[in-house]
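I have placed the structure first, in the form of structure tokens, so that the comments after it can refer back to it.
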Amino acid sequence: MSSSTVITNIATLVTNDPSLGDDSPLGLIQDAALVVEGERVVWAGESSKAPATDQRVDAGGKAVLPGFVDSHSHLVFAGDRTAEFNARMSGRPYSAGGIRTTVAATRAASDAELEANLARHLAEALRQGTTTMETKSGYGLTVEDESRALRLAAAHTDEVTYLGAHIVAPELAADPAAYVALVTGEMLDACAPHARWIDVFCEKGAFDGDQARAILTAGRAKGLHPRVHANQLSYGPGVQLAVELDAASADHCTHLTDADVDALAAGNTVATLLPGAEFSTRAEWPDARRLLDAGVTVALSTDCNPGSSYTSSVPFCVALAVRDMGMTPDEAVWAATAGGAAALRRTDIGRLGPGARADLVLLDAPSHVHLAYRPGVPLVREVWRSGVRVA
């Protein structure tokens, strides 16, 4: 039988379960305790009511919240795009073309180099409170390179996405139809066993609506669930397509019509906002307030990738969302935890109530609001994953 541990003297506990706390979406409990048994949370409430346990951990008056759920990243890559970033900060606009630079470097890298880079970034994210991370392929664009990217990713995280449709492979640039046939045929066959999700970059310079529909439909027939890079650089069909195909998330959502917002509000697709991309490209911020006021479920993620958002820090993205996207601190923290879980269609993470996986973060602060109040400060003091202190 697993031993039980009570974490007590928690100044503010974020449960994301309104029934456990103050009836807010965050389900806040003050002067709280949390009981963990094995990999799961078994009790949450006021410290004075905590049951007897085998062990006791004193949180020292700190805030505790669910581990961050980063539902959008691109971590299987090689190479460096510092020169591109430097040029962009000197006035050159961002376009999807920079992906080709990383494709060349990734194809040339060994499995060991790619895996070491992946593990380093996952460890970096874990230290900053991320306990669940989705990651994608998309920098190989050949059958062999896409399948090895997913094989490596699946060894390190259970949220793996096939993104053969990141851009058209350079060698087939003159024949996009042939590349779509490859992505939906031989490449899909090789990649599907290693992935849970299929994604497509539906954007000018990448894949149009008809191509994206064909790719996502083929993936769904192989048992992969859709996600969509949608409406990042311009208005387009990506969001509507995501809702139509019941995609778990439409990611970016920067350029939205009223019809796009209405579709998201009426469907089950989460709008995943990626402020690191706007920060790193000096692009227009997504309007989170517009989405939230319409009743859309919003997630926050890092989009960690070497080109347009080279950050693994969810706390940084929380601060950006509060400062520049119209979110309150409570909304941003919910989006980075429960919202990310919704974007991965998971109910076992992103919350700290009975039955949830014991993934949690102790902040060196009395409240979760400090994540936005003290931007750039390393506030994550401890990280627990599946009931074990890991950082």
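Scheme for the structure tokens: letters A, B, ... for chains in order shown; per-chain residue numbers from 1; ligand numbers from 1 in order shown.
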
Give me the residues near stretch 172-181 of chain A as a PyMOL selection string, where near means some atom within 7 Å (using only C-alpha atoms) and where sequence neighbours in that chain fewer than 4 positions away do not count.
chain A and resi 168+185+211

Mind dumping the selected residues with all heavy atoms as a PDB file, in the first residue's frame?
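As written to disk, selection.pdb reads:
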ATOM      1  N   VAL A 168       5.682  22.558 -46.615  1.00  0.00           N
ATOM      2  CA  VAL A 168       6.002  21.616 -47.685  1.00  0.00           C
ATOM      3  C   VAL A 168       7.517  21.395 -47.679  1.00  0.00           C
ATOM      4  O   VAL A 168       8.296  22.353 -47.609  1.00  0.00           O
ATOM      5  CB  VAL A 168       5.538  22.159 -49.048  1.00  0.00           C
ATOM      6  CG1 VAL A 168       5.986  21.233 -50.186  1.00  0.00           C
ATOM      7  CG2 VAL A 168       4.018  22.324 -49.061  1.00  0.00           C
ATOM      8  N   GLY A 185      -0.010   9.562 -46.646  1.00  0.00           N
ATOM      9  CA  GLY A 185       0.207   8.180 -47.052  1.00  0.00           C
ATOM     10  C   GLY A 185       1.341   7.519 -46.300  1.00  0.00           C
ATOM     11  O   GLY A 185       1.217   7.197 -45.115  1.00  0.00           O
ATOM     12  N   GLN A 211      -6.117  21.422 -48.227  1.00  0.00           N
ATOM     13  CA  GLN A 211      -4.993  20.540 -47.904  1.00  0.00           C
ATOM     14  C   GLN A 211      -5.031  20.147 -46.423  1.00  0.00           C
ATOM     15  O   GLN A 211      -4.821  18.977 -46.068  1.00  0.00           O
ATOM     16  CB  GLN A 211      -3.672  21.248 -48.223  1.00  0.00           C
ATOM     17  CG  GLN A 211      -3.432  21.489 -49.708  1.00  0.00           C
ATOM     18  CD  GLN A 211      -2.272  22.437 -49.954  1.00  0.00           C
ATOM     19  OE1 GLN A 211      -2.009  23.347 -49.149  1.00  0.00           O
ATOM     20  NE2 GLN A 211      -1.578  22.244 -51.063  1.00  0.00           N
TER      21      GLN A 211
END

Close residues, A:Thr281 itself excluded, 10 Å, only C-alpha atoms, min 3 positions apart in chain, as a VMD selection string
chain A and resid 85 88 to 89 91 to 95 275 to 278 284 307 to 309

Write the residues of the selection above to a file with N, CA, C and O atoms, as a PDB file, in the first residue's frame.
ATOM      1  N   PHE A  85      16.735  35.654 -35.491  1.00  0.00           N
ATOM      2  CA  PHE A  85      16.121  36.462 -34.438  1.00  0.00           C
ATOM      3  C   PHE A  85      16.740  37.855 -34.408  1.00  0.00           C
ATOM      4  O   PHE A  85      16.036  38.865 -34.312  1.00  0.00           O
ATOM      5  N   ARG A  88      15.454  39.826 -37.250  1.00  0.00           N
ATOM      6  CA  ARG A  88      14.050  40.197 -37.043  1.00  0.00           C
ATOM      7  C   ARG A  88      13.937  41.349 -36.055  1.00  0.00           C
ATOM      8  O   ARG A  88      13.138  42.283 -36.246  1.00  0.00           O
ATOM      9  N   MET A  89      14.736  41.324 -35.002  1.00  0.00           N
ATOM     10  CA  MET A  89      14.719  42.424 -34.036  1.00  0.00           C
ATOM     11  C   MET A  89      15.314  43.706 -34.617  1.00  0.00           C
ATOM     12  O   MET A  89      15.190  44.777 -34.031  1.00  0.00           O
ATOM     13  N   GLY A  91      14.343  44.573 -37.654  1.00  0.00           N
ATOM     14  CA  GLY A  91      13.346  45.104 -38.566  1.00  0.00           C
ATOM     15  C   GLY A  91      12.806  44.181 -39.629  1.00  0.00           C
ATOM     16  O   GLY A  91      11.906  44.571 -40.372  1.00  0.00           O
ATOM     17  N   ARG A  92      13.344  42.970 -39.745  1.00  0.00           N
ATOM     18  CA  ARG A  92      12.831  42.064 -40.777  1.00  0.00           C
ATOM     19  C   ARG A  92      11.643  41.292 -40.235  1.00  0.00           C
ATOM     20  O   ARG A  92      11.727  40.698 -39.162  1.00  0.00           O
ATOM     21  N   PRO A  93      10.501  41.247 -40.934  1.00  0.00           N
ATOM     22  CA  PRO A  93       9.313  40.562 -40.399  1.00  0.00           C
ATOM     23  C   PRO A  93       9.463  39.058 -40.412  1.00  0.00           C
ATOM     24  O   PRO A  93      10.227  38.491 -41.195  1.00  0.00           O
ATOM     25  N   TYR A  94       8.667  38.392 -39.549  1.00  0.00           N
ATOM     26  CA  TYR A  94       8.683  36.931 -39.473  1.00  0.00           C
ATOM     27  C   TYR A  94       7.787  36.345 -40.550  1.00  0.00           C
ATOM     28  O   TYR A  94       6.708  36.839 -40.820  1.00  0.00           O
ATOM     29  N   SER A  95       8.230  35.257 -41.176  1.00  0.00           N
ATOM     30  CA  SER A  95       7.376  34.454 -42.047  1.00  0.00           C
ATOM     31  C   SER A  95       7.683  32.995 -41.755  1.00  0.00           C
ATOM     32  O   SER A  95       8.635  32.668 -41.046  1.00  0.00           O
ATOM     33  N   PRO A 275       1.749  33.416 -26.400  1.00  0.00           N
ATOM     34  CA  PRO A 275       2.286  34.778 -26.397  1.00  0.00           C
ATOM     35  C   PRO A 275       3.786  34.862 -26.619  1.00  0.00           C
ATOM     36  O   PRO A 275       4.289  35.911 -27.020  1.00  0.00           O
ATOM     37  N   GLY A 276       4.516  33.760 -26.377  1.00  0.00           N
ATOM     38  CA  GLY A 276       5.941  33.785 -26.659  1.00  0.00           C
ATOM     39  C   GLY A 276       6.223  34.053 -28.123  1.00  0.00           C
ATOM     40  O   GLY A 276       7.233  34.684 -28.479  1.00  0.00           O
ATOM     41  N   ALA A 277       5.326  33.580 -29.005  1.00  0.00           N
ATOM     42  CA  ALA A 277       5.514  33.800 -30.440  1.00  0.00           C
ATOM     43  C   ALA A 277       5.351  35.274 -30.793  1.00  0.00           C
ATOM     44  O   ALA A 277       6.136  35.824 -31.575  1.00  0.00           O
ATOM     45  N   GLU A 278       4.335  35.912 -30.229  1.00  0.00           N
ATOM     46  CA  GLU A 278       4.152  37.338 -30.510  1.00  0.00           C
ATOM     47  C   GLU A 278       5.290  38.165 -29.912  1.00  0.00           C
ATOM     48  O   GLU A 278       5.780  39.113 -30.530  1.00  0.00           O
ATOM     49  N   GLU A 284       1.261  41.142 -33.636  1.00  0.00           N
ATOM     50  CA  GLU A 284       0.064  41.557 -32.919  1.00  0.00           C
ATOM     51  C   GLU A 284      -0.307  40.513 -31.876  1.00  0.00           C
ATOM     52  O   GLU A 284      -0.279  39.314 -32.147  1.00  0.00           O
ATOM     53  N   GLY A 307      12.708  28.956 -33.604  1.00  0.00           N
ATOM     54  CA  GLY A 307      12.576  30.082 -34.519  1.00  0.00           C
ATOM     55  C   GLY A 307      11.760  31.235 -33.991  1.00  0.00           C
ATOM     56  O   GLY A 307      12.239  32.369 -33.896  1.00  0.00           O
ATOM     57  N   SER A 308      10.512  30.966 -33.614  1.00  0.00           N
ATOM     58  CA  SER A 308       9.586  32.065 -33.326  1.00  0.00           C
ATOM     59  C   SER A 308       9.209  32.203 -31.867  1.00  0.00           C
ATOM     60  O   SER A 308       8.510  33.156 -31.504  1.00  0.00           O
ATOM     61  N   SER A 309       9.646  31.279 -30.998  1.00  0.00           N
ATOM     62  CA  SER A 309       9.306  31.390 -29.573  1.00  0.00           C
ATOM     63  C   SER A 309      10.227  30.493 -28.766  1.00  0.00           C
ATOM     64  O   SER A 309       9.822  29.446 -28.275  1.00  0.00           O
TER      65      SER A 309
END

Who sits within 7 Å of stretch 356-372 of chain A, only C-alpha atoms, same chain under 4 positions skipped, as number ranges by chain:
A: 11-12, 36, 39-41, 61-67, 129, 131, 315, 318-319, 322, 329, 348-349, 351-352, 379-387

Could you pull out all residues of stretch 162-297 of chain A with a DSSP call of strand (DSSP E) and give them as a PDB file with C-alpha atoms, in the first residue's frame?
ATOM      1  CA  TYR A 162       2.680  14.246 -35.849  1.00  0.00           C
ATOM      2  CA  LEU A 163       3.322  17.531 -37.693  1.00  0.00           C
ATOM      3  CA  GLY A 164       4.579  16.339 -41.059  1.00  0.00           C
ATOM      4  CA  ALA A 165       2.427  19.177 -42.387  1.00  0.00           C
ATOM      5  CA  TRP A 197      -2.215  13.713 -32.303  1.00  0.00           C
ATOM      6  CA  ILE A 198      -1.976  15.088 -35.838  1.00  0.00           C
ATOM      7  CA  ASP A 199      -1.396  18.790 -36.518  1.00  0.00           C
ATOM      8  CA  VAL A 200      -1.171  21.013 -39.590  1.00  0.00           C
ATOM      9  CA  PHE A 201       0.097  24.569 -40.133  1.00  0.00           C
ATOM     10  CA  CYS A 202      -2.933  26.040 -41.923  1.00  0.00           C
ATOM     11  CA  HIS A 225      -6.849  13.267 -33.042  1.00  0.00           C
ATOM     12  CA  PRO A 226      -6.606  16.676 -34.765  1.00  0.00           C
ATOM     13  CA  VAL A 228      -4.450  22.920 -35.836  1.00  0.00           C
ATOM     14  CA  HIS A 229      -1.929  25.774 -36.139  1.00  0.00           C
ATOM     15  CA  ALA A 230      -4.661  28.298 -36.961  1.00  0.00           C
ATOM     16  CA  SER A 249      -7.230  22.853 -29.973  1.00  0.00           C
ATOM     17  CA  ALA A 250      -6.790  25.663 -32.442  1.00  0.00           C
ATOM     18  CA  ASP A 251      -3.391  27.139 -31.660  1.00  0.00           C
ATOM     19  CA  HIS A 252      -2.291  30.789 -32.036  1.00  0.00           C
ATOM     20  CA  VAL A 270      -9.813  25.039 -27.063  1.00  0.00           C
ATOM     21  CA  ALA A 271      -8.160  28.255 -28.234  1.00  0.00           C
ATOM     22  CA  THR A 272      -4.505  27.830 -27.279  1.00  0.00           C
ATOM     23  CA  LEU A 273      -2.716  31.178 -27.142  1.00  0.00           C
TER      24      LEU A 273
END

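Reported to one decimal place, the separation of atom CA of A:Ser301 from atom CA of A:Leu274 is 5.3 Å.
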
Within 9 Å of stretch 142-158 of chain A, counting only C-alpha atoms, which residues qualify if same-chain residues fewer than 2 places away don't, as a CSV table (one decimal) with all heavy atoms, in the first residue's frame?
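Listed below is the output, around07.csv:
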chain,number,residue,atom,x,y,z
A,75,LEU,N,10.1,20.4,-29.8
A,75,LEU,CA,11.3,20.2,-29.2
A,75,LEU,C,12.3,19.3,-29.8
A,75,LEU,O,13.4,19.2,-29.4
A,75,LEU,CB,11.1,19.8,-27.7
A,75,LEU,CG,10.3,20.7,-26.8
A,75,LEU,CD1,10.2,20.1,-25.4
A,75,LEU,CD2,10.9,22.1,-26.8
A,76,VAL,N,11.9,18.6,-30.9
A,76,VAL,CA,12.8,17.7,-31.6
A,76,VAL,C,13.4,18.5,-32.8
A,76,VAL,O,12.9,18.5,-33.9
A,76,VAL,CB,12.1,16.4,-32.1
A,76,VAL,CG1,13.1,15.5,-32.7
A,76,VAL,CG2,11.3,15.8,-31.0
A,77,PHE,N,14.5,19.1,-32.5
A,77,PHE,CA,15.2,19.9,-33.5
A,77,PHE,C,16.7,20.0,-33.2
A,77,PHE,O,17.2,19.7,-32.1
A,77,PHE,CB,14.6,21.3,-33.5
A,77,PHE,CG,14.9,22.2,-32.3
A,77,PHE,CD1,16.1,23.0,-32.3
A,77,PHE,CD2,14.1,22.2,-31.2
A,77,PHE,CE1,16.4,23.7,-31.2
A,77,PHE,CE2,14.4,23.0,-30.1
A,77,PHE,CZ,15.5,23.7,-30.1
A,106,THR,N,18.2,19.7,-38.5
A,106,THR,CA,17.6,18.5,-37.9
A,106,THR,C,17.8,17.2,-38.7
A,106,THR,O,18.2,16.2,-38.1
A,106,THR,CB,16.1,18.7,-37.7
A,106,THR,OG1,15.9,19.9,-36.9
A,106,THR,CG2,15.4,17.5,-37.0
A,107,ARG,N,17.7,17.3,-40.0
A,107,ARG,CA,18.0,16.2,-40.8
A,107,ARG,C,19.5,15.7,-40.7
A,107,ARG,O,19.8,14.5,-40.7
A,107,ARG,CB,17.7,16.5,-42.3
A,107,ARG,CG,16.2,16.6,-42.6
A,107,ARG,CD,16.1,17.0,-44.1
A,107,ARG,NE,14.7,17.0,-44.5
A,107,ARG,CZ,14.3,17.3,-45.7
A,107,ARG,NH1,15.2,17.6,-46.7
A,107,ARG,NH2,13.0,17.3,-46.0
A,111,ASP,N,20.6,10.8,-34.0
A,111,ASP,CA,19.5,10.5,-33.0
A,111,ASP,C,20.0,11.0,-31.6
A,111,ASP,O,19.2,11.6,-30.9
A,111,ASP,CB,19.2,9.0,-32.9
A,111,ASP,CG,18.4,8.5,-34.1
A,111,ASP,OD1,18.3,9.3,-35.1
A,111,ASP,OD2,17.9,7.4,-34.1
A,114,LEU,N,19.7,14.8,-31.2
A,114,LEU,CA,18.3,15.2,-31.1
A,114,LEU,C,17.7,14.9,-29.7
A,114,LEU,O,17.0,15.7,-29.1
A,114,LEU,CB,17.4,14.6,-32.2
A,114,LEU,CG,17.7,15.1,-33.6
A,114,LEU,CD1,16.9,14.3,-34.6
A,114,LEU,CD2,17.5,16.6,-33.8
A,115,GLU,N,18.0,13.7,-29.3
A,115,GLU,CA,17.4,13.2,-28.0
A,115,GLU,C,18.0,14.0,-26.8
A,115,GLU,O,17.3,14.4,-25.9
A,115,GLU,CB,17.7,11.7,-27.8
A,115,GLU,CG,16.9,11.2,-26.6
A,115,GLU,CD,16.8,9.7,-26.6
A,115,GLU,OE1,17.7,9.0,-27.2
A,115,GLU,OE2,15.8,9.2,-26.0
A,118,LEU,N,16.3,17.4,-26.8
A,118,LEU,CA,14.9,17.2,-26.3
A,118,LEU,C,14.9,17.1,-24.8
A,118,LEU,O,14.2,17.8,-24.1
A,118,LEU,CB,14.3,16.0,-27.0
A,118,LEU,CG,13.0,15.5,-26.4
A,118,LEU,CD1,11.9,16.5,-26.6
A,118,LEU,CD2,12.6,14.1,-27.1
A,119,ALA,N,15.8,16.2,-24.3
A,119,ALA,CA,15.8,16.0,-22.8
A,119,ALA,C,16.2,17.2,-22.1
A,119,ALA,O,15.7,17.5,-21.0
A,119,ALA,CB,16.8,14.8,-22.5
A,122,LEU,N,13.2,19.6,-22.0
A,122,LEU,CA,12.1,19.1,-21.1
A,122,LEU,C,12.6,19.3,-19.6
A,122,LEU,O,11.7,19.7,-18.8
A,122,LEU,CB,11.9,17.6,-21.3
A,122,LEU,CG,11.1,17.3,-22.6
A,122,LEU,CD1,11.1,15.8,-22.9
A,122,LEU,CD2,9.7,17.8,-22.5
A,132,THR,N,3.6,18.5,-17.6
A,132,THR,CA,3.1,17.8,-18.8
A,132,THR,C,3.4,18.6,-20.0
A,132,THR,O,3.1,19.8,-20.0
A,132,THR,CB,1.6,17.6,-18.7
A,132,THR,OG1,1.2,16.8,-17.6
A,132,THR,CG2,1.1,16.8,-20.0
A,133,MET,N,4.1,18.0,-21.0
A,133,MET,CA,4.5,18.8,-22.2
A,133,MET,C,4.1,18.0,-23.4
A,133,MET,O,4.6,16.9,-23.6
A,133,MET,CB,6.0,19.1,-22.1
A,133,MET,CG,6.3,20.2,-23.1
A,133,MET,SD,7.9,21.0,-22.5
A,133,MET,CE,7.8,22.6,-23.3
A,134,GLU,N,3.4,18.6,-24.3
A,134,GLU,CA,3.2,18.1,-25.6
A,134,GLU,C,4.3,18.5,-26.5
A,134,GLU,O,4.9,19.6,-26.3
A,134,GLU,CB,1.9,18.6,-26.2
A,134,GLU,CG,1.5,18.2,-27.6
A,134,GLU,CD,2.1,19.1,-28.7
A,134,GLU,OE1,2.8,20.1,-28.4
A,134,GLU,OE2,1.9,18.8,-29.9
A,135,THR,N,4.8,17.7,-27.4
A,135,THR,CA,5.8,18.1,-28.4
A,135,THR,C,5.5,17.5,-29.7
A,135,THR,O,4.9,16.4,-29.8
A,135,THR,CB,7.2,17.9,-27.9
A,135,THR,OG1,8.1,18.7,-28.7
A,135,THR,CG2,7.6,16.4,-28.0
A,136,LYS,N,6.0,18.1,-30.8
A,136,LYS,CA,5.6,17.8,-32.2
A,136,LYS,C,6.9,17.4,-33.0
A,136,LYS,O,8.0,17.8,-32.6
A,136,LYS,CB,5.0,19.0,-32.9
A,136,LYS,CG,3.8,19.6,-32.1
A,136,LYS,CD,3.3,20.8,-32.8
A,136,LYS,CE,2.4,21.6,-31.9
A,136,LYS,NZ,1.1,20.9,-31.6
A,137,SER,N,6.6,16.7,-34.1
A,137,SER,CA,7.6,16.6,-35.1
A,137,SER,C,7.5,17.8,-36.0
A,137,SER,O,7.0,18.8,-35.5
A,137,SER,CB,7.4,15.3,-35.9
A,137,SER,OG,6.2,15.3,-36.6
A,138,GLY,N,8.0,17.7,-37.2
A,138,GLY,CA,7.8,18.9,-38.1
A,138,GLY,C,9.0,19.5,-38.6
A,138,GLY,O,9.0,20.4,-39.4
A,139,TYR,N,10.2,19.0,-38.1
A,139,TYR,CA,11.5,19.6,-38.6
A,139,TYR,C,12.3,18.5,-39.4
A,139,TYR,O,13.5,18.6,-39.6
A,139,TYR,CB,12.3,20.1,-37.5
A,139,TYR,CG,11.8,21.3,-36.8
A,139,TYR,CD1,11.5,21.4,-35.4
A,139,TYR,CD2,11.4,22.5,-37.6
A,139,TYR,CE1,11.0,22.5,-34.8
A,139,TYR,CE2,10.9,23.6,-37.0
A,139,TYR,CZ,10.7,23.6,-35.6
A,139,TYR,OH,10.2,24.8,-35.0
A,140,GLY,N,11.6,17.4,-39.8
A,140,GLY,CA,12.2,16.4,-40.6
A,140,GLY,C,11.7,16.4,-42.0
A,140,GLY,O,12.5,16.5,-43.0
A,160,VAL,N,2.4,13.4,-27.8
A,160,VAL,CA,3.2,13.4,-29.0
A,160,VAL,C,2.3,13.7,-30.3
A,160,VAL,O,1.3,13.1,-30.4
A,160,VAL,CB,4.0,12.1,-29.2
A,160,VAL,CG1,4.9,12.2,-30.5
A,160,VAL,CG2,4.9,11.9,-28.0
A,161,THR,N,2.8,14.7,-31.1
A,161,THR,CA,2.0,15.1,-32.2
A,161,THR,C,2.8,15.0,-33.5
A,161,THR,O,3.9,15.5,-33.6
A,161,THR,CB,1.5,16.6,-32.0
A,161,THR,OG1,0.8,16.7,-30.8
A,161,THR,CG2,0.7,17.1,-33.2
A,162,TYR,N,2.1,14.4,-34.5
A,162,TYR,CA,2.7,14.2,-35.8
A,162,TYR,C,2.4,15.5,-36.6
A,162,TYR,O,1.2,15.9,-36.9
A,162,TYR,CB,2.0,13.0,-36.5
A,162,TYR,CG,2.2,12.9,-38.0
A,162,TYR,CD1,3.5,13.1,-38.6
A,162,TYR,CD2,1.2,12.6,-38.8
A,162,TYR,CE1,3.6,13.0,-40.0
A,162,TYR,CE2,1.3,12.5,-40.2
A,162,TYR,CZ,2.6,12.7,-40.8
A,162,TYR,OH,2.7,12.6,-42.1
A,163,LEU,N,3.4,16.3,-37.0
A,163,LEU,CA,3.3,17.5,-37.7
A,163,LEU,C,4.2,17.5,-39.0
A,163,LEU,O,5.0,18.3,-39.3
A,163,LEU,CB,3.7,18.7,-36.8
A,163,LEU,CG,3.6,20.1,-37.4
A,163,LEU,CD1,2.2,20.5,-37.8
A,163,LEU,CD2,4.2,21.2,-36.4
A,164,GLY,N,3.9,16.4,-39.7
A,164,GLY,CA,4.6,16.3,-41.1
A,164,GLY,C,4.1,17.5,-41.9
A,164,GLY,O,4.9,18.0,-42.8
A,169,ALA,N,7.9,20.1,-47.7
A,169,ALA,CA,9.4,19.8,-47.7
A,169,ALA,C,10.0,20.6,-48.9
A,169,ALA,O,9.5,20.7,-50.0
A,169,ALA,CB,9.6,18.3,-47.9
A,182,LEU,N,2.3,12.4,-49.7
A,182,LEU,CA,3.3,11.7,-48.8
A,182,LEU,C,2.8,11.8,-47.3
A,182,LEU,O,2.9,10.8,-46.6
A,182,LEU,CB,4.6,12.4,-49.0
A,182,LEU,CG,5.8,11.8,-48.2
A,182,LEU,CD1,6.1,10.3,-48.6
A,182,LEU,CD2,7.0,12.7,-48.3
A,183,VAL,N,2.4,13.0,-46.9
A,183,VAL,CA,2.0,13.2,-45.5
A,183,VAL,C,0.8,12.4,-45.1
A,183,VAL,O,0.7,11.9,-44.0
A,183,VAL,CB,1.8,14.8,-45.3
A,183,VAL,CG1,1.1,15.0,-43.9
A,183,VAL,CG2,3.1,15.6,-45.3
A,186,GLU,N,2.5,7.4,-47.0
A,186,GLU,CA,3.6,6.6,-46.4
A,186,GLU,C,4.1,7.2,-45.1
A,186,GLU,O,4.4,6.5,-44.1
A,186,GLU,CB,4.7,6.6,-47.4
A,186,GLU,CG,5.9,5.7,-47.0
A,186,GLU,CD,7.1,5.8,-48.0
A,186,GLU,OE1,6.9,6.4,-49.0
A,186,GLU,OE2,8.2,5.2,-47.6
A,187,MET,N,4.2,8.6,-45.0
A,187,MET,CA,4.7,9.2,-43.8
A,187,MET,C,3.7,9.0,-42.7
A,187,MET,O,4.2,8.7,-41.5
A,187,MET,CB,4.9,10.7,-44.1
A,187,MET,CG,5.6,11.4,-42.9
A,187,MET,SD,5.7,13.2,-43.2
A,187,MET,CE,7.0,13.3,-44.6
A,188,LEU,N,2.4,9.1,-42.9
A,188,LEU,CA,1.5,8.9,-41.9
A,188,LEU,C,1.5,7.5,-41.4
A,188,LEU,O,1.5,7.2,-40.1
A,188,LEU,CB,0.1,9.2,-42.4
A,188,LEU,CG,-1.1,8.9,-41.5
A,188,LEU,CD1,-1.1,9.7,-40.2
A,188,LEU,CD2,-2.4,9.2,-42.2
A,190,ALA,N,4.1,5.5,-41.2
A,190,ALA,CA,5.3,5.4,-40.4
A,190,ALA,C,5.2,6.1,-39.1
A,190,ALA,O,5.8,5.7,-38.1
A,190,ALA,CB,6.5,5.8,-41.2
A,191,CYS,N,4.4,7.2,-39.0
A,191,CYS,CA,4.4,8.0,-37.9
A,191,CYS,C,3.3,7.8,-36.9
A,191,CYS,O,3.4,7.9,-35.7
A,191,CYS,CB,4.3,9.5,-38.3
A,191,CYS,SG,5.8,10.1,-39.1
A,192,ALA,N,2.2,7.3,-37.4
A,192,ALA,CA,1.0,7.1,-36.5
A,192,ALA,C,1.2,6.2,-35.3
A,192,ALA,O,0.7,6.5,-34.2
A,192,ALA,CB,-0.2,6.5,-37.3
A,193,PRO,N,2.0,5.2,-35.4
A,193,PRO,CA,2.2,4.3,-34.2
A,193,PRO,C,2.9,5.1,-33.0
A,193,PRO,O,2.8,4.6,-31.9
A,193,PRO,CB,3.1,3.2,-34.7
A,193,PRO,CG,2.8,3.1,-36.2
A,193,PRO,CD,2.6,4.5,-36.6
A,194,HIS,N,3.6,6.2,-33.3
A,194,HIS,CA,4.4,6.9,-32.3
A,194,HIS,C,3.7,8.1,-31.7
A,194,HIS,O,4.2,8.8,-30.8
A,194,HIS,CB,5.7,7.3,-32.8
A,194,HIS,CG,6.5,6.2,-33.4
A,194,HIS,ND1,7.0,5.2,-32.7
A,194,HIS,CD2,6.9,6.0,-34.7
A,194,HIS,CE1,7.7,4.3,-33.5
A,194,HIS,NE2,7.6,4.8,-34.7
A,195,ALA,N,2.5,8.4,-32.2
A,195,ALA,CA,1.8,9.7,-31.9
A,195,ALA,C,0.4,9.5,-31.4
A,195,ALA,O,-0.2,8.5,-31.6
A,195,ALA,CB,1.8,10.6,-33.1
A,196,ARG,N,-0.1,10.5,-30.7
A,196,ARG,CA,-1.5,10.6,-30.3
A,196,ARG,C,-2.3,11.6,-31.1
A,196,ARG,O,-3.5,11.4,-31.3
A,196,ARG,CB,-1.6,11.0,-28.8
A,196,ARG,CG,-3.0,11.0,-28.3
A,196,ARG,CD,-3.1,11.5,-26.8
A,196,ARG,NE,-4.5,11.6,-26.4
A,196,ARG,CZ,-4.9,12.3,-25.4
A,196,ARG,NH1,-4.0,13.1,-24.7
A,196,ARG,NH2,-6.2,12.4,-25.1

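Proximity of A:Asp246, A:Asn305, A:Ile167, A:Ala104 to A:Asn117, computed with only C-alpha atoms, is greatest for A:Asn305.
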
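Using only C-alpha atoms for every distance, the candidate list A:Glu46, A:Asp22, A:Asp31, A:Glu159 yields A:Asp31 as the residue closest to A:Gly60.
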
Check the smallest atom-to-atom distance from each of A:Ser2, A:Gln55, A:Ser313, A:Thr102 to A:Leu34 using only C-alpha atoms, then report the winner.
A:Gln55

Polymer residues at most 9 Å from A:Arg289, only C-alpha atoms, same-chain spacing of 3 or more positions, as a ChimeraX atom specification:
/A:286,292-294,325-327

DSSP on the backbone, then: every residue of stretch 54-224 of chain A marked helix (DSSP H, G or I), written as number ranges by chain.
A: 82-89, 96-108, 111-127, 143-154, 170-172, 176-184, 186-194, 209-221

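Nearest to A:Asn16 of all the residues A:Ala44, A:Gly38, A:Pro375, A:Lys222 is A:Ala44, based on only C-alpha atoms.
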
Just checking: using only C-alpha atoms, which residue out of A:Glu331, A:Glu171, A:Glu203, A:Asp324 ends up closest to A:Gly238?
A:Glu203
